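Below is one structure, written out as structure tokens, with a few remarks after it.
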Amino acid sequence: EMVNVPNHMHRETVGEILQLLDVICNKSEFITIFYSVLEGGSEYDLFAKAILSYGKAAGTTMEILQNVVESEFEANRGTPTSIMRGNTAASRILGLFCRQEGKQFLQKQISPSINSIAGGDISFEIDHCKLSGDIASQKAANLENLLSFAECVLGTISTPESILDMPRKIKALAFHIQRLATKHSPENTMLLVGGFVMLRFINPALMTPDFFGLVPKGSLSMTDRRNLTLLCKIIQNISNQRVCNEDWMLDCNPFIEKNMNRLEDLYVHVLMDPNQANDDEEPFSDLFAKKDVGELNPEAVDLEAYKFFHEIFIERKSDLLEIFGRQDDALRVSKDAMKLVELLNDYGEVSPPEIKLELYYSPLCPYSRAVWLFCLETEIPIITHKIDLLKEDQALDQEYKKFSQLSPSLQVPLLIDGDFVIEESSAICMYICDRYFVGNHWLPKAKNRSLCRIHQQIDWMQDAIQIPILRLWEACKNPTAEALQLEHYRDFISNLEVLDVAYGKEKQRCGQLPVDPYFQDKDPSLVDLFTILMLSFGHLIQGFSVNKFPNLKLAYYHFVNQYSKKHWKEINYEFEGFFKYIITATSTGSVQQIKQSVLFLQTPHTIYEMVQDPENDIFLFLASKTISTKTNAKLKRGLKKLNADGTTTDQPQTEETDEAPYIVNLDIGGEFNIRGREGTNLLLVPGKKIVQTSRMSDWEVGYSSTVIFEFETVANSQALLHLTELNCPSENTKAQQEHWLKFWKKINGIRVDTIDQTVVLKTKGPEMVFNILTDWRLLSKTLKSKMKFEDNGGVYMHNNKVYAAPVSTQPNKRIIQDWRCVDWPEDVFARVEQELQGYEGGCRIAHKIHMVPFDRIKTVEKMWKANMWKKLGGVVCGPLEQNIAFLVPPAQVCNMLLDGNVLTQKLKSKCLASPEPGSQFVAGHLKGTLMLFENEKKIVLCVSHKDWPNHNSVVTLNLKIVEKGTEISMRHENIPIASIKSVSDMWNSEFWEKLEGIQTTNIMTSCILNTTAPDIIFATLLDKNALTTIVGSDSSISNKVGGPVAMYDKLVKGGVSSLELNIGITMSVRYFNWPFGHFSETRYQFDEINGGKGTVFTLQQNRVPINQMEEAAKNCEEFCKQLKKFKFPKK
């Protein structure tokens, strides 16, 4: 077996190989000897490719070809008709050279003819044994087809334009063969020239056009291949000047005989040198002249050539030395042979110096993954150190501590080579390209223009694309749907469009075909590497798709699904979990969310492990300081083993039963089953975050949710855990909420929540309020309530039921306190935060109390309202938000709201209103002033209510044009908390209903289909039968903009607003029982994942009448469920 050579070579090894090749390629006899130890066709092809790669780099290709042709003639002196017809080194090398050199000629002259019959119904079959039915008439028709096409091909390659277009080096080789044939076998001269031109150049392209790149792969049918075989048989017989002997081909002989002279005329013209100045000049003399090419650039030789020769020199060394020992004395004792034997004996005896590289990386950073993937693809041995970018307490991490000492910028990736440290991904990859020979396609150092383009493109990408990538990363640390909207990354999209154009121009400059995937070559460069990883990271943006960039898309899909298929999953293992977390967290509607916060007295690291392994009762103090999950797991396993051996612990052992499985897994990608809750770990950030796919054993098969545990360190190093469960089936939501409450109780957690109040004190300014709230004695006097003052600055108040202690203050602006009721569990404190701001001559306080036990929320709210704010003369306020749709344009809506006569007519009560800022506004129970008016955009009112005439509130109305009308987003702030419901009812009954407005809400739901591409889902939803199956009732969506939409047996109707191929479908639809004329905007969004093989499907329905939300939300959720169940067709 051949040795397994990695995709890189040490520079010292490359130098040894070049020394050997310099001698081997100097004599055709040496080439023949090395060819003789090869085994099988694949090794022959690799040998030919390697020899030509070296020849091209050394500038000696024509010299090598001359030598192998001469060697072929010498070896077949007695049988000239066998020259270049056997499986020899000359045949293989010449054949490959013709394929490489003649690629453009063949594409221009041969490709159109072959493509004209590929995939068609035409047949050339003339073997009666392969025909049926009316054989005679079929054979006659097929014979005519065959001969007509043969005439077409011969006519094409025989034209003066075609002959002139033939590569001059191929003509030169034909001339060299003619010259040798004239000397060795003059009677067979044209036969041997034809054997080269047709057998090694034209016919192979006709026989296997897909291999030559003349037709798309997979485009040829079995009939096409049979047709081409018969065509080649006729043309080769013409070239060989022989008629056919098979009975079924005898009818072709007249055509063959007629065209024999035609090919001879072709060969005569091929042998002419178009550059020959006069008859005295030797044809093709410039190509055959020996050149002083100087020192060879090792980068110009393909890595595959180095790898191949390394294998041969190591594995076949003894065979080669034995063959050299059997050669005749003249060759064996020659200076070149002795040098070759010496070099071969020494090869591989001394190992190259060991290089130890260390890489600090993050699997979430695209630039880190680019370097990591580069090392995997080139198989360069490297020690990796993972840096967790999401973890906050990095000071405790020994790995990060060492990294921080090495990196001034604290950014990954970072490479260490001995005492040399280098940062920046592109610089690291280029350094590795210098340290090792990794293949010139990554960094084409031997091609100056190509190398300059690589540097130019990478420099531009770092400047233009890295900035939005870093901005995207910051948004992903605390992801929100708003922060990840496509509109915030227009610079990223526009720069990718520029990059896509640059790809097209560079491929054109390099003479690549449109179907060639990469920037410069059939294999990826560093430009492609960074492009693919940035595109992968771009999928975190909602609505992003590589389909918009045709050249980048081709490179991305080919790299992910073919070139790097082996390693892509490995480098993206953690990123895919992070990706699913980001996409799910930002594209799932609130109707599918369960949110709970839980306080623990232990540290976040301890609770992090308790959540994953809740029945493990060995939680030591050390566990709270251990960063590595793996370390903690080993500690636990060791202690469990001690217990099993008889050592007891102070804590009781949990007895596991057979009622439900209990499987713990602490690794990313690991599967778990915690007493009926089963799933997979997507993302694990020790002490910070856990993201899992999860489902309960009693859920319907195929349904799963995404569970996110986020850990926060609060006072006294306690842990505050925030749980979010997304995509929980609605019918299981209540049971799932109860499940979590029981779980928290089991692991000694206390569910908590936040009280959010706005308090307005009209007679006291911020300074006075600050002094009262921070001076306990003044507060006691103001509240007329006794307090007990502690030496540490704390105080007991409200009949000793409450304890409070100051934490920090900012004079007249901010107050932070620890606060608790004395009957709460021991060591449980809430955190009070108060922001003070001047407001209408008084003070407005933004008052929040975090970590209040959930079952005490109402009690605490009442306590603050009655015992604090009321006594201070404050009013507790809150906001009201509503969305209202009108079937008229914004100008008409503004006129209704700000024209007193129109408003009086609509509300049927006396109203005052004007569009002039500062004018009086009176309508219904509201009275106040117009503060701001931006025509058709914004209205701001300062109003009071008849129930609170001395208290002002602010109403902000933002207007937006939508299809079929206007949408208003209203925020009414500073409403007394007790009046919020009555004010909400007032707006609905006294304003919106009378103004013919419809209060609306938005619905959003999503699901992930890992193995179904966007194009398949897009086509499926436009297929009436498939959509009907998914919906469960007669449904259809037109495949044309403006076409009809009918779903749920026509209970939902509308039209198609836009179709973005494989990206999105937008519709304007309404339920039959909605207010007349009101439509909602419904969008199906398809975001690709898994290298285009999967999809995040998002269903967004905007402007749903709020009293119809339940039905619409249920239909949206059921649609996603059925979509996951549906069996999509395969590509």
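Residues in the structure tokens are numbered from 1 in each chain, the chains being A, B, ... in the order shown, and ligands are numbered from 1 in the order shown.
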Would you kindly return, as a list in words, each protein, DNA or RNA residue with an atom no farther than 10 Å from any atom of Ser717 of chain A, considering only C-alpha atoms and excluding same-chain residues fewer than 5 positions away?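 My list of contacting residues is Phe600, Leu601, Gln602, Thr603, Pro604, Ser624 and Glu712 of chain A.
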Suppose we keep N, CA, C and O atoms; can you now write the selection as a PDB file, in the first residue's frame?
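As a result, selection-v1.pdb now contains:
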ATOM      1  N   PHE A 600     -30.982  31.430  42.639  1.00  0.00           N
ATOM      2  CA  PHE A 600     -30.335  30.360  43.409  1.00  0.00           C
ATOM      3  C   PHE A 600     -29.308  30.986  44.345  1.00  0.00           C
ATOM      4  O   PHE A 600     -28.689  32.008  44.017  1.00  0.00           O
ATOM      5  N   LEU A 601     -29.101  30.342  45.449  1.00  0.00           N
ATOM      6  CA  LEU A 601     -28.113  30.838  46.397  1.00  0.00           C
ATOM      7  C   LEU A 601     -26.706  30.390  46.036  1.00  0.00           C
ATOM      8  O   LEU A 601     -25.735  30.908  46.572  1.00  0.00           O
ATOM      9  N   GLN A 602     -26.600  29.425  45.116  1.00  0.00           N
ATOM     10  CA  GLN A 602     -25.295  28.954  44.687  1.00  0.00           C
ATOM     11  C   GLN A 602     -24.775  29.811  43.515  1.00  0.00           C
ATOM     12  O   GLN A 602     -25.495  30.639  42.968  1.00  0.00           O
ATOM     13  N   THR A 603     -23.543  29.550  43.099  1.00  0.00           N
ATOM     14  CA  THR A 603     -22.931  30.316  42.013  1.00  0.00           C
ATOM     15  C   THR A 603     -23.450  29.840  40.660  1.00  0.00           C
ATOM     16  O   THR A 603     -23.950  28.717  40.525  1.00  0.00           O
ATOM     17  N   PRO A 604     -23.310  30.664  39.614  1.00  0.00           N
ATOM     18  CA  PRO A 604     -23.753  30.255  38.279  1.00  0.00           C
ATOM     19  C   PRO A 604     -23.107  28.963  37.792  1.00  0.00           C
ATOM     20  O   PRO A 604     -23.763  28.154  37.135  1.00  0.00           O
ATOM     21  N   SER A 624     -17.805  25.269  41.985  1.00  0.00           N
ATOM     22  CA  SER A 624     -18.202  26.633  41.667  1.00  0.00           C
ATOM     23  C   SER A 624     -17.058  27.446  41.074  1.00  0.00           C
ATOM     24  O   SER A 624     -17.273  28.488  40.494  1.00  0.00           O
ATOM     25  N   GLU A 712     -26.768  34.529  35.253  1.00  0.00           N
ATOM     26  CA  GLU A 712     -26.279  35.857  35.602  1.00  0.00           C
ATOM     27  C   GLU A 712     -25.804  35.842  37.056  1.00  0.00           C
ATOM     28  O   GLU A 712     -26.453  35.238  37.916  1.00  0.00           O
TER      29      GLU A 712
END
Long-range neighbours of Pro274 of chain A as a list in words, 9 Å cut-off, only C-alpha atoms, 2 positions minimum in chain: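 In the requested format, the answer is Leu164, Arg168, Met272, Gln276, Ala277, Pro283 and Phe284 of chain A.
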Selection near segment 228-240 of chain A, 6 Å with only C-alpha atoms, sequence-local residues under 5 positions removed, as a ChimeraX atom specification: /A:194,203,207,256,260
Helix (DSSP H, G or I) per DSSP on the backbone: members of segment 125-351 of chain A, as a VMD selection string: chain A and resid 128 to 130 135 to 158 160 to 165 168 to 184 186 to 207 222 to 240 247 to 270 285 to 288 298 to 300 303 to 315 317 to 325 329 to 332 335 to 346
When you look at Asn673 of chain A with a cut-off of 7 Å (counting only C-alpha atoms), what residues show up, excluding the ones that are within fewer than 5 positions of it in the same chain? I need them as a ChimeraX atom specification. /A:661-664,678-679
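Those residues of segment 289-365 of chain A that DSSP, working from the backbone, places in strand (DSSP E or B) are Leu357, Glu358, Leu359, Tyr360 and Tyr361 of chain A.
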Atom CA of Asn7 of chain A and atom CA of Thr378 of chain A are how many Å apart?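 Separation between atom CA of Asn7 of chain A and atom CA of Thr378 of chain A: 4.5 Å.
Remark: for Gln612 of chain A, the closest of the candidate residues A:Ile416, A:Ile668, A:Ile1106, A:Val983 is A:Ile668 (distances computed over only C-alpha atoms).
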As number ranges by chain, please: the residues near Phe212 of chain A (cut-off 8 Å, only C-alpha atoms, same-chain neighbours under 6 positions excluded). A: 99, 103, 205
Please produce a file of the residues just selected, as a compact mmCIF listing (two decimals), in the first residue's frame, where the atoms kept are N, CA and C atoms.
# COMPACT_ATOMS: atom_id res chain seq x y z
N ARG A 99 -4.67 17.33 -23.59
CA ARG A 99 -5.90 17.72 -22.91
C ARG A 99 -5.73 19.08 -22.23
N LYS A 103 -7.38 22.56 -24.35
CA LYS A 103 -8.70 22.69 -23.72
C LYS A 103 -9.55 23.75 -24.41
N ALA A 205 -11.41 13.47 -26.73
CA ALA A 205 -12.40 14.50 -26.41
C ALA A 205 -13.77 14.13 -26.94
Pick out the closest residue to Ser697 of chain A from this set: A:Ser525, A:Ser780, A:Asn732, A:Ser409. Count only C-alpha atoms.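 The shortest atom-to-atom distance to Ser697 of chain A comes from A:Asn732.
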